[in-house]
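Asker: Input coords-v3.cif, format and content: mmCIF, C-alpha atoms.
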```cif
data_coords
#
loop_
_atom_site.label_atom_id
_atom_site.label_comp_id
_atom_site.auth_asym_id
_atom_site.auth_seq_id
_atom_site.Cartn_x
_atom_site.Cartn_y
_atom_site.Cartn_z
CA MET J 20 75.87 7.35 -21.30
CA SER J 21 74.24 4.56 -23.35
CA GLU J 22 73.56 2.63 -20.12
CA MET J 23 71.68 5.64 -18.74
CA LEU J 24 69.70 5.94 -21.96
CA VAL J 25 68.75 2.24 -21.77
CA ARG J 26 67.75 2.72 -18.11
CA PHE J 27 65.64 5.75 -19.03
CA LEU J 28 63.84 3.99 -21.90
CA VAL J 29 63.26 0.68 -20.06
CA GLY J 30 62.12 2.49 -16.88
CA GLY J 31 59.83 4.81 -18.84
CA CYS J 32 58.21 1.91 -20.72
CA VAL J 33 57.66 -0.33 -17.66
CA VAL J 34 56.32 2.52 -15.51
CA SER J 35 54.00 3.74 -18.30
CA ALA J 36 52.66 0.20 -18.83
CA PHE J 37 51.75 -0.19 -15.13
CA ALA J 38 50.35 3.36 -14.94
CA THR J 39 48.12 2.71 -17.99
CA LEU J 40 46.87 -0.51 -16.35
CA GLY J 41 46.03 1.57 -13.27
CA ASP J 42 44.15 4.05 -15.50
CA ILE J 43 41.88 1.50 -17.17
CA LEU J 44 41.05 -0.70 -14.16
CA ARG J 45 38.04 -0.21 -11.89
CA PRO J 46 37.27 0.15 -8.97
CA LYS J 47 39.82 2.83 -8.09
CA SER J 48 41.01 1.02 -4.96
CA PHE J 49 41.94 -1.97 -7.18
CA ALA J 50 43.63 0.30 -9.71
CA GLY J 51 45.62 1.80 -6.82
CA LEU J 52 47.41 -1.55 -6.44
CA PHE J 53 49.21 -0.68 -9.68
CA GLY J 54 50.34 2.66 -8.22
CA ALA J 55 52.50 0.59 -5.89
CA ALA J 56 53.62 -1.89 -8.56
CA PRO J 57 57.35 -2.65 -8.57
CA SER J 58 57.78 -0.95 -11.95
CA VAL J 59 61.09 0.82 -11.21
CA ALA J 60 62.29 -2.37 -9.48
CA LEU J 61 61.48 -4.55 -12.51
CA ALA J 62 63.56 -2.34 -14.78
CA SER J 63 66.40 -1.69 -12.30
CA LEU J 64 66.77 -5.23 -10.92
CA GLY J 65 66.73 -6.70 -14.42
CA LEU J 66 69.53 -4.37 -15.49
CA ALA J 67 71.44 -4.92 -12.20
CA LEU J 68 71.24 -8.68 -12.71
CA LEU J 69 72.69 -8.39 -16.22
CA LYS J 70 75.45 -5.91 -15.33
CA HIS J 71 76.48 -6.66 -11.73
CA GLY J 72 75.36 -10.24 -11.08
CA ASN J 73 73.17 -12.11 -8.60
CA GLN J 74 74.69 -10.90 -5.30
CA TYR J 75 74.35 -7.24 -6.19
CA ALA J 76 70.70 -7.69 -7.21
CA ALA J 77 70.00 -9.69 -4.02
CA THR J 78 71.41 -6.85 -1.86
CA GLN J 79 69.23 -4.35 -3.73
CA ALA J 80 66.12 -6.52 -3.28
CA LEU J 81 66.78 -6.93 0.46
CA ALA J 82 67.15 -3.16 0.86
CA MET J 83 63.96 -2.71 -1.14
CA ILE J 84 62.06 -4.31 1.78
CA SER J 85 62.67 -1.11 3.81
CA GLY J 86 61.42 0.99 0.91
CA ALA J 87 58.29 -1.15 0.53
CA VAL J 88 57.39 -0.84 4.24
CA ALA J 89 57.96 2.92 3.98
CA LEU J 90 55.70 2.98 0.90
CA GLY J 91 52.88 1.43 2.96
CA VAL J 92 53.29 4.12 5.65
CA TYR J 93 53.55 6.82 2.97
CA SER J 94 50.34 5.71 1.20
CA ILE J 95 48.33 5.67 4.46
CA VAL J 96 49.62 9.15 5.38
CA VAL J 97 48.81 10.51 1.89
CA CYS J 98 45.28 9.05 2.18
CA ARG J 99 44.80 10.81 5.55
CA LEU J 100 46.26 14.11 4.28
CA LEU J 101 43.77 14.07 1.40
CA MET J 102 40.69 12.99 3.36
CA VAL J 103 41.24 14.71 6.73
CA GLY J 104 43.81 17.41 5.93
CA ARG J 105 42.01 18.23 2.64
CA LEU J 106 45.31 18.96 0.90
CA ARG J 107 45.71 18.91 -2.86
CA ALA J 108 47.13 15.67 -4.29
CA LEU J 109 50.41 17.24 -5.41
CA THR J 110 51.01 18.89 -2.00
CA ALA J 111 50.09 15.74 -0.04
CA THR J 112 52.22 13.38 -2.14
CA MET J 113 55.25 15.70 -2.19
CA GLU J 114 55.16 16.53 1.54
CA ALA J 115 54.80 12.85 2.48
CA LEU J 116 57.82 12.01 0.29
CA LEU J 117 60.07 13.29 3.11
CA LEU J 118 58.34 10.86 5.48
CA TRP J 119 58.93 8.00 3.02
CA LEU J 120 62.64 8.86 2.88
CA ALA J 121 62.91 9.10 6.68
CA VAL J 122 61.11 5.78 7.32
CA ALA J 123 62.94 3.92 4.52
CA LEU J 124 66.44 5.07 5.55
CA SER J 125 65.72 4.56 9.29
CA LEU J 126 64.60 0.98 8.62
CA LEU J 127 67.63 0.34 6.40
CA PHE J 128 70.07 1.51 9.06
CA MET J 129 68.18 -0.28 11.86
CA LEU J 130 68.24 -3.58 9.95
CA GLY J 131 71.83 -3.03 8.83
CA PRO J 132 73.28 -1.81 5.51
CA GLY J 133 73.21 -5.36 4.10
CA THR J 134 69.65 -5.66 5.54
CA MET Z 9 32.58 -4.61 -6.99
CA THR Z 10 34.44 -7.02 -9.26
CA PRO Z 11 37.55 -5.60 -10.95
CA LYS Z 12 36.91 -4.64 -14.57
CA VAL Z 13 38.50 -2.81 -17.47
CA SER Z 14 37.15 0.61 -18.50
CA LEU Z 15 38.86 2.09 -21.54
CA SER Z 16 36.80 5.29 -21.35
CA SER Z 17 39.18 6.77 -18.75
CA LEU Z 18 41.92 6.88 -21.40
CA LYS Z 19 39.95 9.70 -23.09
CA ASP Z 20 40.50 11.88 -19.98
CA GLY Z 21 44.26 11.86 -20.49
CA ARG Z 22 46.19 14.36 -22.58
CA TRP Z 23 49.25 13.22 -24.57
CA HIS Z 24 51.62 15.45 -22.57
CA GLU Z 25 50.45 13.82 -19.31
CA TYR Z 26 51.49 10.39 -20.63
CA LEU Z 27 54.79 11.87 -21.81
CA ILE Z 28 55.46 13.34 -18.33
CA ARG Z 29 54.72 9.97 -16.74
CA PHE Z 30 57.09 8.22 -19.17
CA ALA Z 31 59.83 10.77 -18.42
CA LEU Z 32 59.26 10.47 -14.64
CA GLY Z 33 59.48 6.67 -14.83
CA GLY Z 34 62.67 6.85 -16.86
CA LEU Z 35 64.13 9.49 -14.55
CA ALA Z 36 63.31 7.46 -11.41
CA THR Z 37 65.10 4.42 -12.93
CA VAL Z 38 68.14 6.52 -13.89
CA ILE Z 39 68.30 8.16 -10.43
CA THR Z 40 68.07 4.74 -8.71
CA GLY Z 41 71.01 3.57 -10.84
CA LEU Z 42 73.04 6.70 -10.02
CA ILE Z 43 72.34 6.31 -6.26
CA SER Z 44 73.37 2.63 -6.42
CA ASN Z 45 76.61 3.57 -8.20
CA ALA Z 46 77.40 6.35 -5.70
CA PHE Z 47 76.28 4.82 -2.37
CA GLY Z 48 76.19 1.08 -3.06
CA PRO Z 49 73.40 -1.43 -3.80
CA ALA Z 50 71.88 -1.31 -0.28
CA VAL Z 51 71.07 2.42 -0.34
CA GLY Z 52 70.16 2.22 -4.04
CA GLY Z 53 67.83 -0.71 -3.34
CA VAL Z 54 65.69 1.41 -1.01
CA PHE Z 55 64.91 3.72 -3.94
CA LEU Z 56 63.45 0.81 -5.96
CA ALA Z 57 60.29 1.45 -3.90
CA LEU Z 58 60.35 5.24 -4.47
CA PRO Z 59 56.75 6.49 -4.86
CA ALA Z 60 57.72 9.01 -7.56
CA ILE Z 61 55.22 7.55 -10.01
CA PHE Z 62 52.48 7.50 -7.40
CA CYS Z 63 52.86 11.31 -7.00
CA ALA Z 64 52.25 11.76 -10.74
CA SER Z 65 49.36 9.25 -10.85
CA ALA Z 66 47.51 10.71 -7.84
CA THR Z 67 47.86 14.23 -9.24
CA LEU Z 68 46.52 13.09 -12.61
CA ILE Z 69 43.56 11.27 -11.00
CA GLU Z 70 42.65 14.43 -9.06
CA LYS Z 71 43.02 16.59 -12.17
CA HIS Z 72 40.85 14.28 -14.31
CA GLU Z 73 38.13 14.17 -11.64
CA ILE Z 74 38.11 17.98 -11.32
CA ARG Z 75 37.99 18.34 -15.12
CA ARG Z 76 35.08 15.87 -15.37
CA LYS Z 77 33.10 17.69 -12.67
CA ARG Z 78 33.86 21.09 -14.21
CA ASP Z 79 32.36 19.83 -17.49
CA GLU Z 80 29.19 19.15 -15.48
CA GLN Z 81 29.31 22.74 -14.10
CA MET Z 82 30.34 21.50 -10.63
CA ASN Z 83 33.30 22.16 -8.36
CA GLY Z 84 35.15 18.86 -8.33
CA ARG Z 85 37.93 19.73 -5.87
CA ARG Z 86 36.63 17.55 -3.02
CA ARG Z 87 35.70 14.74 -5.41
CA GLY Z 88 39.23 14.91 -6.83
CA GLN Z 89 40.77 14.62 -3.37
CA GLN Z 90 38.54 11.64 -2.57
CA ALA Z 91 39.46 9.86 -5.83
CA ALA Z 92 43.18 10.39 -5.14
CA ALA Z 93 42.69 9.16 -1.53
CA VAL Z 94 41.04 5.92 -2.74
CA ASP Z 95 44.01 5.46 -5.08
CA ALA Z 96 46.36 5.98 -2.10
CA ALA Z 97 44.45 3.36 -0.08
CA GLY Z 98 44.93 0.95 -2.99
CA ALA Z 99 48.64 1.81 -3.07
CA ALA Z 100 48.90 1.02 0.67
CA LEU Z 101 47.53 -2.46 -0.09
CA GLY Z 102 49.80 -2.68 -3.14
CA SER Z 103 52.83 -2.05 -0.92
CA ILE Z 104 52.18 -5.48 0.65
CA GLY Z 105 52.58 -6.89 -2.86
CA MET Z 106 55.79 -4.92 -3.32
CA LEU Z 107 57.09 -6.35 -0.06
CA ALA Z 108 56.30 -9.88 -1.30
CA PHE Z 109 58.12 -9.06 -4.57
CA ALA Z 110 61.28 -7.93 -2.75
CA VAL Z 111 61.34 -10.90 -0.35
CA CYS Z 112 60.71 -13.46 -3.13
CA PHE Z 113 63.34 -11.91 -5.44
CA ALA Z 114 65.97 -11.73 -2.67
CA LEU Z 115 65.36 -15.36 -1.71
CA LEU Z 116 65.51 -16.75 -5.24
CA VAL Z 117 68.02 -14.63 -7.14
CA THR Z 118 71.20 -16.26 -5.76
CA SER Z 119 70.04 -19.84 -6.34
CA HIS Z 120 67.61 -19.58 -9.29
CA ALA Z 121 68.40 -16.31 -11.06
CA ALA Z 122 66.27 -17.06 -14.14
CA LEU Z 123 63.23 -17.85 -11.98
CA ALA Z 124 63.60 -14.89 -9.61
CA MET Z 125 61.92 -12.19 -11.74
CA PRO Z 126 58.84 -14.14 -12.91
CA ALA Z 127 58.32 -15.69 -9.46
CA ALA Z 128 58.66 -12.31 -7.71
CA SER Z 129 56.21 -10.71 -10.18
CA LEU Z 130 53.73 -13.50 -9.47
CA ALA Z 131 54.26 -13.06 -5.70
CA TRP Z 132 53.60 -9.30 -6.11
CA PHE Z 133 50.33 -9.85 -7.96
CA ALA Z 134 49.09 -12.63 -5.65
CA ALA Z 135 49.91 -10.72 -2.44
CA ALA Z 136 48.43 -7.45 -3.72
CA LEU Z 137 45.26 -9.20 -4.89
CA LEU Z 138 44.90 -11.06 -1.59
CA ALA Z 139 45.43 -7.85 0.42
CA TRP Z 140 42.81 -6.04 -1.67
CA TRP Z 141 40.30 -8.91 -1.36
CA GLY Z 142 40.88 -9.16 2.43
CA TRP Z 143 40.38 -5.42 2.82
CA ARG Z 144 37.09 -5.58 0.84
CA GLN Z 145 35.85 -8.46 3.02
CA LEU Z 146 36.78 -6.58 6.20
CA ARG Z 147 34.98 -3.43 5.03
CA ARG Z 148 31.90 -5.47 4.10
CA ALA Z 149 31.87 -7.19 7.52
CA LEU Z 150 32.26 -3.86 9.35
CA ARG Z 151 29.47 -2.27 7.29
CA TYR Z 152 27.18 -5.24 8.02
CA ARG Z 153 27.90 -4.98 11.76
CA HIS Z 154 27.20 -1.24 11.66
CA VAL Z 155 23.83 -1.80 9.91
CA MET Z 156 22.85 -4.59 12.33
CA ALA Z 157 23.78 -2.42 15.36
CA GLY Z 158 21.64 0.41 13.95
CA ARG Z 159 18.67 -1.91 13.51
CA ALA Z 160 19.06 -3.28 17.06
CA THR Z 161 19.11 0.27 18.47
CA ALA Z 162 15.99 1.20 16.49
CA ARG Z 163 14.20 -1.97 17.70
CA ALA Z 164 15.15 -1.23 21.33
CA ARG Z 165 13.81 2.35 21.00
CA ARG Z 166 10.49 1.09 19.58
CA GLN Z 167 10.10 -1.38 22.45
CA ALA Z 168 10.93 1.22 25.15
#
```
Please go through the file and, once you have read it, give me the structure as structure tokens.
Answerer:
Amino acid sequence: MSEMLVRFLVGGCVVSAFATLGDILRPKSFAGLFGAAPSVALASLGLALLKHGNQYAATQALAMISGAVALGVYSIVVCRLLMVGRLRALTATMEALLLWLAVALSLLFMLGPGT
Amino acid sequence: MTPKVSLSSLKDGRWHEYLIRFALGGLATVITGLISNAFGPAVGGVFLALPAIFCASATLIEKHEIRRKRDEQMNGRRRGQQAAAVDAAGAALGSIGMLAFAVCFALLVTSHAALAMPAASLAWFAAALLAWWGWRQLRRALRYRHVMAGRATARARRQA
């Protein structure tokens, strides 16, 4: 339970810090870089390194490559859905989340579970 | 446009929006941990790049833009969509940085564990910055070509 609480607090702080940076930076395209910052990864990999050791964290980081590629695809699709499809931000980002999951898991299984 | 800091945008935010973002960030980290425990580090690792925070950020950007335009007695819906789309384009470039982070961390963590996190963070920032700069240069070059082609067409019409 206490581990989950630590995860929640560390994750919340790191994500908020990057999100605030994204809020105060201009132009918006530059600020967008912080929307894809590895904030969850910083918190999770740090905790994984402390609790499970190097090999576990290395496996997580390798698998993260699939997620990062999927994030690139996801962001481009969201951009198109907003500009061409004229969807609202919440609808576009939530609908494209399924695409992110499909691309990320497909890549993971194509490259192998150990990546 | 050179990157700069503008603190005025912080006035657009409401305290509950920051609280929701904090809770979402914490929740995403907890869920990643739970998935790793249940399905192993490989499946859990994929969720380290989950765009959960991006959903919240894009929605907030759109909302702030609409609110700002409404204060000026205008309908800001389209402007809000455009602002969120520019943010998404930035996130697409940022994903190159995230990729660099993951590769650098995976390469270093088994041999130099203490170095892995700072080096990967540096790799993220350098790759994201380079991707953004390259994209700006490409856009500038394309715009220049477009303008030059327009001028050439106009000149040809005048001569005909």
Asker: Tell me, in Å to one decimal, how far CA of His72 in chain Z is from CA of Tyr93 in chain J.
Answerer: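 CA of His72 in chain Z sits 22.7 Å away from CA of Tyr93 in chain J.
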Asker: Using all atoms listed in the file, which of the listed residues (Z:Leu68, Z:Ala46, Z:Cys63, Z:Cys112) sits closest to chain J?
Answerer: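 Distance minimum relative to chain J lands on Z:Cys63.
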Asker: One decimal, in Å: what's the spacing between CA of Ala128 in chain Z and CA of Ala110 in chain Z?
Answerer: 7.1 Å
Asker: For this file, the PyMOL selection byres ((chain J) within 6 of (chain Z)) selects which residues, as a count of residues only?
Answerer: 39
Asker: Using Å and a single decimal, report how far CA of Phe53 in chain J sits from CA of Glu114 in chain J.
Answerer: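 Separating CA of Glu114 in chain J from CA of Phe53 in chain J is a distance of 21.4 Å.
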Asker: Counting only C-alpha atoms, select every polymer residue within 10 Å of (60.4, 0.0, 7.9) as defined in the file's coordinates, and provide the selection as a JSON list (two decimals) with C-alpha atoms, in the frame of the given file.
Answerer:
```json
[["chain", "number", "residue", "atom", "x", "y", "z"],
["J", 84, "ILE", "CA", 62.06, -4.31, 1.78],
["J", 85, "SER", "CA", 62.67, -1.11, 3.81],
["J", 86, "GLY", "CA", 61.42, 0.99, 0.91],
["J", 87, "ALA", "CA", 58.29, -1.15, 0.53],
["J", 88, "VAL", "CA", 57.39, -0.84, 4.24],
["J", 89, "ALA", "CA", 57.96, 2.92, 3.98],
["J", 90, "LEU", "CA", 55.70, 2.98, 0.90],
["J", 91, "GLY", "CA", 52.88, 1.43, 2.96],
["J", 92, "VAL", "CA", 53.29, 4.12, 5.65],
["J", 119, "TRP", "CA", 58.93, 8.00, 3.02],
["J", 121, "ALA", "CA", 62.91, 9.10, 6.68],
["J", 122, "VAL", "CA", 61.11, 5.78, 7.32],
["J", 123, "ALA", "CA", 62.94, 3.92, 4.52],
["J", 124, "LEU", "CA", 66.44, 5.07, 5.55],
["J", 125, "SER", "CA", 65.72, 4.56, 9.29],
["J", 126, "LEU", "CA", 64.60, 0.98, 8.62],
["J", 127, "LEU", "CA", 67.63, 0.34, 6.40],
["J", 128, "PHE", "CA", 70.07, 1.51, 9.06],
["J", 129, "MET", "CA", 68.18, -0.28, 11.86],
["J", 130, "LEU", "CA", 68.24, -3.58, 9.95]]
```
Asker: Could you check the closest approach to Ala36 in chain J for each of J:Met23, J:Leu116, J:Ala62, J:Ala67 and tell me which residue wins, using only C-alpha atoms?
Answerer: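 Looking only at the distances to Ala36 in chain J, the closest residue turns out to be J:Ala62.
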Asker: Step by step, gather every atom of range 61-69 of chain Z that the file lists, find the box along x, y and z that holds them, add 8 Å on each side, and finally give centre and edge lengths in Å to one decimal, as AutoDock Vina command-line options.
Answerer:
```
--center_x 49.4 --center_y 10.9 --center_z -9.8 --size_x 27.7 --size_y 22.7 --size_z 21.6
```
Asker: Emit range 88-99 of chain Z of the structure in the block as a file comprising all heavy atoms, as a PDB file, in the first residue's frame.
Answerer:
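Resulting contents of part-v4.pdb:
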```
ATOM      1  N   GLY Z  88      -9.310  26.748 -30.428  1.00  0.00           N
ATOM      2  CA  GLY Z  88      -8.948  25.764 -29.411  1.00  0.00           C
ATOM      3  C   GLY Z  88      -8.438  24.479 -30.032  1.00  0.00           C
ATOM      4  O   GLY Z  88      -7.434  23.914 -29.591  1.00  0.00           O
ATOM      5  N   GLN Z  89      -9.136  24.024 -31.090  1.00  0.00           N
ATOM      6  CA  GLN Z  89      -8.705  22.804 -31.789  1.00  0.00           C
ATOM      7  C   GLN Z  89      -7.316  22.993 -32.395  1.00  0.00           C
ATOM      8  O   GLN Z  89      -6.471  22.105 -32.325  1.00  0.00           O
ATOM      9  CB  GLN Z  89      -9.693  22.463 -32.908  1.00  0.00           C
ATOM     10  CG  GLN Z  89     -11.002  21.884 -32.407  1.00  0.00           C
ATOM     11  CD  GLN Z  89     -12.036  21.762 -33.516  1.00  0.00           C
ATOM     12  OE1 GLN Z  89     -12.047  22.553 -34.453  1.00  0.00           O
ATOM     13  NE2 GLN Z  89     -12.911  20.784 -33.392  1.00  0.00           N
ATOM     14  N   GLN Z  90      -7.106  24.180 -32.985  1.00  0.00           N
ATOM     15  CA  GLN Z  90      -5.804  24.452 -33.625  1.00  0.00           C
ATOM     16  C   GLN Z  90      -4.681  24.468 -32.586  1.00  0.00           C
ATOM     17  O   GLN Z  90      -3.603  23.912 -32.826  1.00  0.00           O
ATOM     18  CB  GLN Z  90      -5.856  25.793 -34.366  1.00  0.00           C
ATOM     19  CG  GLN Z  90      -6.631  25.699 -35.667  1.00  0.00           C
ATOM     20  CD  GLN Z  90      -6.925  27.042 -36.280  1.00  0.00           C
ATOM     21  OE1 GLN Z  90      -6.822  28.072 -35.620  1.00  0.00           O
ATOM     22  NE2 GLN Z  90      -7.317  27.052 -37.533  1.00  0.00           N
ATOM     23  N   ALA Z  91      -4.941  25.095 -31.431  1.00  0.00           N
ATOM     24  CA  ALA Z  91      -3.915  25.159 -30.380  1.00  0.00           C
ATOM     25  C   ALA Z  91      -3.571  23.753 -29.889  1.00  0.00           C
ATOM     26  O   ALA Z  91      -2.394  23.420 -29.690  1.00  0.00           O
ATOM     27  CB  ALA Z  91      -4.401  26.027 -29.229  1.00  0.00           C
ATOM     28  N   ALA Z  92      -4.599  22.916 -29.710  1.00  0.00           N
ATOM     29  CA  ALA Z  92      -4.362  21.539 -29.264  1.00  0.00           C
ATOM     30  C   ALA Z  92      -3.621  20.741 -30.345  1.00  0.00           C
ATOM     31  O   ALA Z  92      -2.775  19.898 -30.033  1.00  0.00           O
ATOM     32  CB  ALA Z  92      -5.683  20.868 -28.915  1.00  0.00           C
ATOM     33  N   ALA Z  93      -3.918  21.032 -31.628  1.00  0.00           N
ATOM     34  CA  ALA Z  93      -3.244  20.330 -32.734  1.00  0.00           C
ATOM     35  C   ALA Z  93      -1.765  20.694 -32.798  1.00  0.00           C
ATOM     36  O   ALA Z  93      -0.913  19.823 -33.044  1.00  0.00           O
ATOM     37  CB  ALA Z  93      -3.924  20.672 -34.058  1.00  0.00           C
ATOM     38  N   VAL Z  94      -1.438  21.966 -32.548  1.00  0.00           N
ATOM     39  CA  VAL Z  94      -0.021  22.387 -32.534  1.00  0.00           C
ATOM     40  C   VAL Z  94       0.703  21.676 -31.387  1.00  0.00           C
ATOM     41  O   VAL Z  94       1.845  21.219 -31.541  1.00  0.00           O
ATOM     42  CB  VAL Z  94       0.097  23.928 -32.396  1.00  0.00           C
ATOM     43  CG1 VAL Z  94       1.536  24.351 -32.189  1.00  0.00           C
ATOM     44  CG2 VAL Z  94      -0.460  24.612 -33.630  1.00  0.00           C
ATOM     45  N   ASP Z  95       0.011  21.547 -30.252  1.00  0.00           N
ATOM     46  CA  ASP Z  95       0.586  20.835 -29.114  1.00  0.00           C
ATOM     47  C   ASP Z  95       0.845  19.369 -29.477  1.00  0.00           C
ATOM     48  O   ASP Z  95       1.874  18.804 -29.117  1.00  0.00           O
ATOM     49  CB  ASP Z  95      -0.359  20.941 -27.915  1.00  0.00           C
ATOM     50  CG  ASP Z  95       0.288  20.483 -26.624  1.00  0.00           C
ATOM     51  OD1 ASP Z  95       1.290  21.107 -26.238  1.00  0.00           O
ATOM     52  OD2 ASP Z  95      -0.193  19.515 -26.024  1.00  0.00           O
ATOM     53  N   ALA Z  96      -0.096  18.780 -30.230  1.00  0.00           N
ATOM     54  CA  ALA Z  96       0.052  17.375 -30.655  1.00  0.00           C
ATOM     55  C   ALA Z  96       1.229  17.221 -31.613  1.00  0.00           C
ATOM     56  O   ALA Z  96       1.965  16.234 -31.554  1.00  0.00           O
ATOM     57  CB  ALA Z  96      -1.234  16.889 -31.317  1.00  0.00           C
ATOM     58  N   ALA Z  97       1.424  18.220 -32.500  1.00  0.00           N
ATOM     59  CA  ALA Z  97       2.565  18.175 -33.418  1.00  0.00           C
ATOM     60  C   ALA Z  97       3.875  18.215 -32.627  1.00  0.00           C
ATOM     61  O   ALA Z  97       4.826  17.493 -32.930  1.00  0.00           O
ATOM     62  CB  ALA Z  97       2.498  19.352 -34.391  1.00  0.00           C
ATOM     63  N   GLY Z  98       3.890  19.046 -31.582  1.00  0.00           N
ATOM     64  CA  GLY Z  98       5.062  19.113 -30.702  1.00  0.00           C
ATOM     65  C   GLY Z  98       5.293  17.788 -29.989  1.00  0.00           C
ATOM     66  O   GLY Z  98       6.438  17.338 -29.837  1.00  0.00           O
ATOM     67  N   ALA Z  99       4.196  17.139 -29.579  1.00  0.00           N
ATOM     68  CA  ALA Z  99       4.313  15.848 -28.894  1.00  0.00           C
ATOM     69  C   ALA Z  99       4.862  14.776 -29.836  1.00  0.00           C
ATOM     70  O   ALA Z  99       5.614  13.892 -29.412  1.00  0.00           O
ATOM     71  CB  ALA Z  99       2.962  15.426 -28.335  1.00  0.00           C
TER      72      ALA Z  99
END
```
